[in-house]
Amino acid sequence: MRVYVPLTLPALAEAYKTGELGTGPFVAYAVTPGLREWYLSEDIEELEYAALSRAALASLRLLAADPDALRRRVVVAVDVPDGAVSTDPDRALEPAALGEVTVKTGVPLAKAAAVHVDAEDAEPDVAAAADALEAADGGDDDAQFTVDGADDHELLWYATQEIPNLVGLG
């Protein structure tokens with residue numbers, strides 16, 4: 001199963017140093033039955049993109065909690081065995097939990113298929129979105145508009161061999 005793990009650049013640097021994407025259990029996003037039902041599509045590429053987008057929002061939440069992190073969303077795509085992933089059926093259709101899965105085991109960073117990161121020009125919009133996230137969660141429409149503005153930036157695709165350059169270690 002392909003899962004999308006939300007991170008920040010400092011967290012990606014730590015994963016690169018330790019060789020572990022996560023030790024388990026940790027939250028990731030995937031094409032779940034709830035996501036399929038919500039997105040109303042059978043196109044696997046569209047569904048995978050929806051899961052990636054959910055992980056990008058989770059990365060934004062990580063950025064909001066880490067004011068020192070460079071304001072770029074980071075998502076690592078990795079394939080894990082189906083048995084290594086669980087979902088909470090009680091939360092499957094909650095808007096905040098769509099596509100959310102728990103990876104129950106450790107995942108070596110070497111298993112990653114790709115890394116998705118915002119371009120440098122996205123930083124101002126991502127920073128504004130991170131700052132507005134709490135107000136948006138509280139129902140502020142203007143803040144939600146700002147948060148949605150981060151989605152105007154497509155995450156760029158990077159090969160795993162490019163991680164050292166992304167985190168300033170290459």
# chains A, B, ... in the order shown; residues from 1 in each chain; ligands from 1
call {"tool": "select_by_dssp", "arguments": {"residues": "range 33-158 of chain A", "states": "strand (DSSP E)", "output": "PyMOL selection string"}}
result
chain A and resi 74-79+85-86+100-103+107-108+112-117+156-158
call {"tool": "closest_atom_pairs", "arguments": {"of": "range 5-47 of chain A", "to": "range 110-117 of chain A", "cutoff": "9 Å", "atoms": "only C-alpha atoms", "output": "tab-separated table"}}
result
residue	atom	partner	partner_atom	distance
A:Leu9	CA	A:Val117	CA	8.6
A:Gly19	CA	A:Ala110	CA	7.0
A:Glu20	CA	A:Ala110	CA	8.0
A:Leu21	CA	A:Ala112	CA	8.2
call {"tool": "closest_atom_pairs", "arguments": {"of": "range 109-156 of chain A", "to": "range 66-84 of chain A", "cutoff": "12 Å", "atoms": "only C-alpha atoms", "output": "Markdown table"}}
result
| residue | atom | partner | partner_atom | distance |
| --- | --- | --- | --- | --- |
| A:Leu109 | CA | A:Val78 | CA | 8.4 |
| A:Ala110 | CA | A:Val78 | CA | 9.1 |
| A:Lys111 | CA | A:Val78 | CA | 6.1 |
| A:Ala112 | CA | A:Val78 | CA | 4.3 |
| A:Ala113 | CA | A:Val78 | CA | 5.2 |
| A:Ala114 | CA | A:Ala77 | CA | 5.3 |
| A:Val115 | CA | A:Val76 | CA | 4.5 |
| A:His116 | CA | A:Val75 | CA | 5.1 |
| A:Val117 | CA | A:Val74 | CA | 4.6 |
| A:Asp118 | CA | A:Arg72 | CA | 5.1 |
| A:Ala119 | CA | A:Arg72 | CA | 7.3 |
| A:Glu120 | CA | A:Arg72 | CA | 7.5 |
| A:Asp121 | CA | A:Arg72 | CA | 9.5 |
| A:Ala122 | CA | A:Arg72 | CA | 7.1 |
| A:Glu123 | CA | A:Arg71 | CA | 5.1 |
| A:Pro124 | CA | A:Arg71 | CA | 7.6 |
| A:Asp125 | CA | A:Arg71 | CA | 8.7 |
| A:Val126 | CA | A:Arg71 | CA | 5.9 |
| A:Ala127 | CA | A:Arg71 | CA | 5.4 |
| A:Ala128 | CA | A:Arg71 | CA | 9.2 |
| A:Ala129 | CA | A:Arg71 | CA | 9.6 |
| A:Ala130 | CA | A:Arg71 | CA | 8.2 |
| A:Asp131 | CA | A:Pro67 | CA | 9.2 |
| A:Ala150 | CA | A:Arg73 | CA | 9.2 |
| A:Asp151 | CA | A:Arg73 | CA | 10.3 |
| A:His153 | CA | A:Arg73 | CA | 10.1 |
| A:Glu154 | CA | A:Arg73 | CA | 10.2 |
| A:Leu155 | CA | A:Arg73 | CA | 7.7 |
| A:Leu156 | CA | A:Val74 | CA | 9.5 |
call {"tool": "select_by_dssp", "arguments": {"residues": "range 45-101 of chain A", "states": "helix (DSSP H, G or I)", "output": "list in words"}}
result
Glu45, Glu46, Leu47, Glu48, Tyr49, Ala50, Ala51, Leu52, Ser53, Arg54, Ala55, Ala56, Leu57, Ala58, Ser59, Leu60, Arg61, Leu62, Leu63, Ala64, Ala65, Asp82, Gly83, Ala84, Pro95, Ala96 and Ala97 of chain A
call {"tool": "atom_distance", "arguments": {"atom1": "CA of Ala11 in chain A", "atom2": "CA of Leu62 in chain A"}}
result
9.8 Å
call {"tool": "residues_around", "arguments": {"residues": "Arg54 in chain A", "least_positions_apart": "4", "cutoff": "9 Å", "atoms": "only C-alpha atoms", "output": "ChimeraX atom specification"}}
result
/A:4,6,29-30,49-50,58-59,97-100
call {"tool": "write_last_selection", "arguments": {"atoms": "N, CA and C atoms", "output": "PDB file, in the first residue's frame"}}
result
ATOM      1  N   TYR A   4       1.398   8.184   2.366  1.00  0.00           N
ATOM      2  CA  TYR A   4       2.019   9.497   2.264  1.00  0.00           C
ATOM      3  C   TYR A   4       2.242  10.012   3.683  1.00  0.00           C
ATOM      4  N   PRO A   6       3.413  12.851   6.216  1.00  0.00           N
ATOM      5  CA  PRO A   6       3.664  14.285   6.339  1.00  0.00           C
ATOM      6  C   PRO A   6       4.861  14.553   7.243  1.00  0.00           C
ATOM      7  N   TYR A  29      -1.146   9.001   5.322  1.00  0.00           N
ATOM      8  CA  TYR A  29      -2.398   9.120   4.550  1.00  0.00           C
ATOM      9  C   TYR A  29      -2.315   8.177   3.373  1.00  0.00           C
ATOM     10  N   ALA A  30      -3.478   7.632   2.998  1.00  0.00           N
ATOM     11  CA  ALA A  30      -3.530   6.652   1.919  1.00  0.00           C
ATOM     12  C   ALA A  30      -4.928   6.665   1.311  1.00  0.00           C
ATOM     13  N   TYR A  49      -3.662  11.364  -5.487  1.00  0.00           N
ATOM     14  CA  TYR A  49      -3.423  12.803  -5.363  1.00  0.00           C
ATOM     15  C   TYR A  49      -4.213  13.364  -4.173  1.00  0.00           C
ATOM     16  N   ALA A  50      -5.427  12.878  -3.970  1.00  0.00           N
ATOM     17  CA  ALA A  50      -6.225  13.314  -2.824  1.00  0.00           C
ATOM     18  C   ALA A  50      -5.535  12.917  -1.518  1.00  0.00           C
ATOM     19  N   ALA A  58      -1.592  17.921   6.529  1.00  0.00           N
ATOM     20  CA  ALA A  58      -1.015  17.474   7.807  1.00  0.00           C
ATOM     21  C   ALA A  58       0.390  18.045   7.983  1.00  0.00           C
ATOM     22  N   SER A  59       1.151  18.148   6.905  1.00  0.00           N
ATOM     23  CA  SER A  59       2.470  18.770   6.968  1.00  0.00           C
ATOM     24  C   SER A  59       2.339  20.241   7.352  1.00  0.00           C
ATOM     25  N   ALA A  97     -10.270  13.317   9.301  1.00  0.00           N
ATOM     26  CA  ALA A  97      -9.547  12.041   9.290  1.00  0.00           C
ATOM     27  C   ALA A  97      -9.582  11.334   7.940  1.00  0.00           C
ATOM     28  N   LEU A  98     -10.098  11.976   6.904  1.00  0.00           N
ATOM     29  CA  LEU A  98     -10.183  11.325   5.594  1.00  0.00           C
ATOM     30  C   LEU A  98      -8.803  10.910   5.104  1.00  0.00           C
ATOM     31  N   GLY A  99      -8.667   9.645   4.781  1.00  0.00           N
ATOM     32  CA  GLY A  99      -7.404   9.122   4.274  1.00  0.00           C
ATOM     33  C   GLY A  99      -6.379   8.825   5.345  1.00  0.00           C
ATOM     34  N   GLU A 100      -6.692   9.116   6.586  1.00  0.00           N
ATOM     35  CA  GLU A 100      -5.720   8.919   7.670  1.00  0.00           C
ATOM     36  C   GLU A 100      -5.561   7.437   7.981  1.00  0.00           C
TER      37      GLU A 100
END
call {"tool": "closest_atom_pairs", "arguments": {"of": "range 21-76 of chain A", "to": "range 101-106 of chain A", "cutoff": "12 Å", "atoms": "only C-alpha atoms", "output": "tab-separated table"}}
result
residue	atom	partner	partner_atom	distance
A:Leu21	CA	A:Gly106	CA	7.5
A:Gly22	CA	A:Gly106	CA	5.4
A:Thr23	CA	A:Gly106	CA	3.8
A:Gly24	CA	A:Thr105	CA	4.4
A:Pro25	CA	A:Lys104	CA	4.3
A:Phe26	CA	A:Val103	CA	5.3
A:Val27	CA	A:Thr102	CA	4.7
A:Ala28	CA	A:Val101	CA	5.4
A:Tyr29	CA	A:Val101	CA	5.5
A:Ala30	CA	A:Val101	CA	6.7
A:Val31	CA	A:Val101	CA	9.2
A:Thr32	CA	A:Val101	CA	8.0
A:Pro33	CA	A:Val101	CA	11.1
A:Gly34	CA	A:Val101	CA	10.8
A:Leu35	CA	A:Val101	CA	10.9
A:Ala51	CA	A:Val101	CA	10.4
A:Arg54	CA	A:Val101	CA	11.2
A:Ala55	CA	A:Val101	CA	10.6
call {"tool": "closest_residue", "arguments": {"among": "A:Ala13, A:Glu48, A:Pro95, A:Glu134", "to": "Ala65 in chain A", "atoms": "only C-alpha atoms"}}
result
A:Glu134
call {"tool": "residues_around", "arguments": {"residues": "Lys17 in chain A", "least_positions_apart": "6", "cutoff": "12 Å", "atoms": "only C-alpha atoms", "output": "list in words"}}
result
Pro10, Ala11, Pro108, Leu109, Ala110, Ile163, Pro164, Val167, Gly168 and Leu169 of chain A
call {"tool": "write_last_selection", "arguments": {"atoms": "C-alpha atoms", "output": "PDB file, in the first residue's frame"}}
result
ATOM      1  CA  PRO A  10      13.878  19.301   9.848  1.00  0.00           C
ATOM      2  CA  ALA A  11      11.986  16.015  10.311  1.00  0.00           C
ATOM      3  CA  PRO A 108      13.258   2.627   6.750  1.00  0.00           C
ATOM      4  CA  LEU A 109      13.704   5.810   4.720  1.00  0.00           C
ATOM      5  CA  ALA A 110      15.360   3.607   2.082  1.00  0.00           C
ATOM      6  CA  ILE A 163      17.116  14.209   0.023  1.00  0.00           C
ATOM      7  CA  PRO A 164      20.620  15.329   1.124  1.00  0.00           C
ATOM      8  CA  VAL A 167      17.852  19.155   3.764  1.00  0.00           C
ATOM      9  CA  GLY A 168      21.188  20.919   3.236  1.00  0.00           C
ATOM     10  CA  LEU A 169      23.400  17.896   3.824  1.00  0.00           C
TER      11      LEU A 169
END
call {"tool": "closest_residue", "arguments": {"among": "A:Val107, A:Ala64, A:Met1, A:Ala56", "to": "Ala132 in chain A", "atoms": "only C-alpha atoms"}}
result
A:Ala64
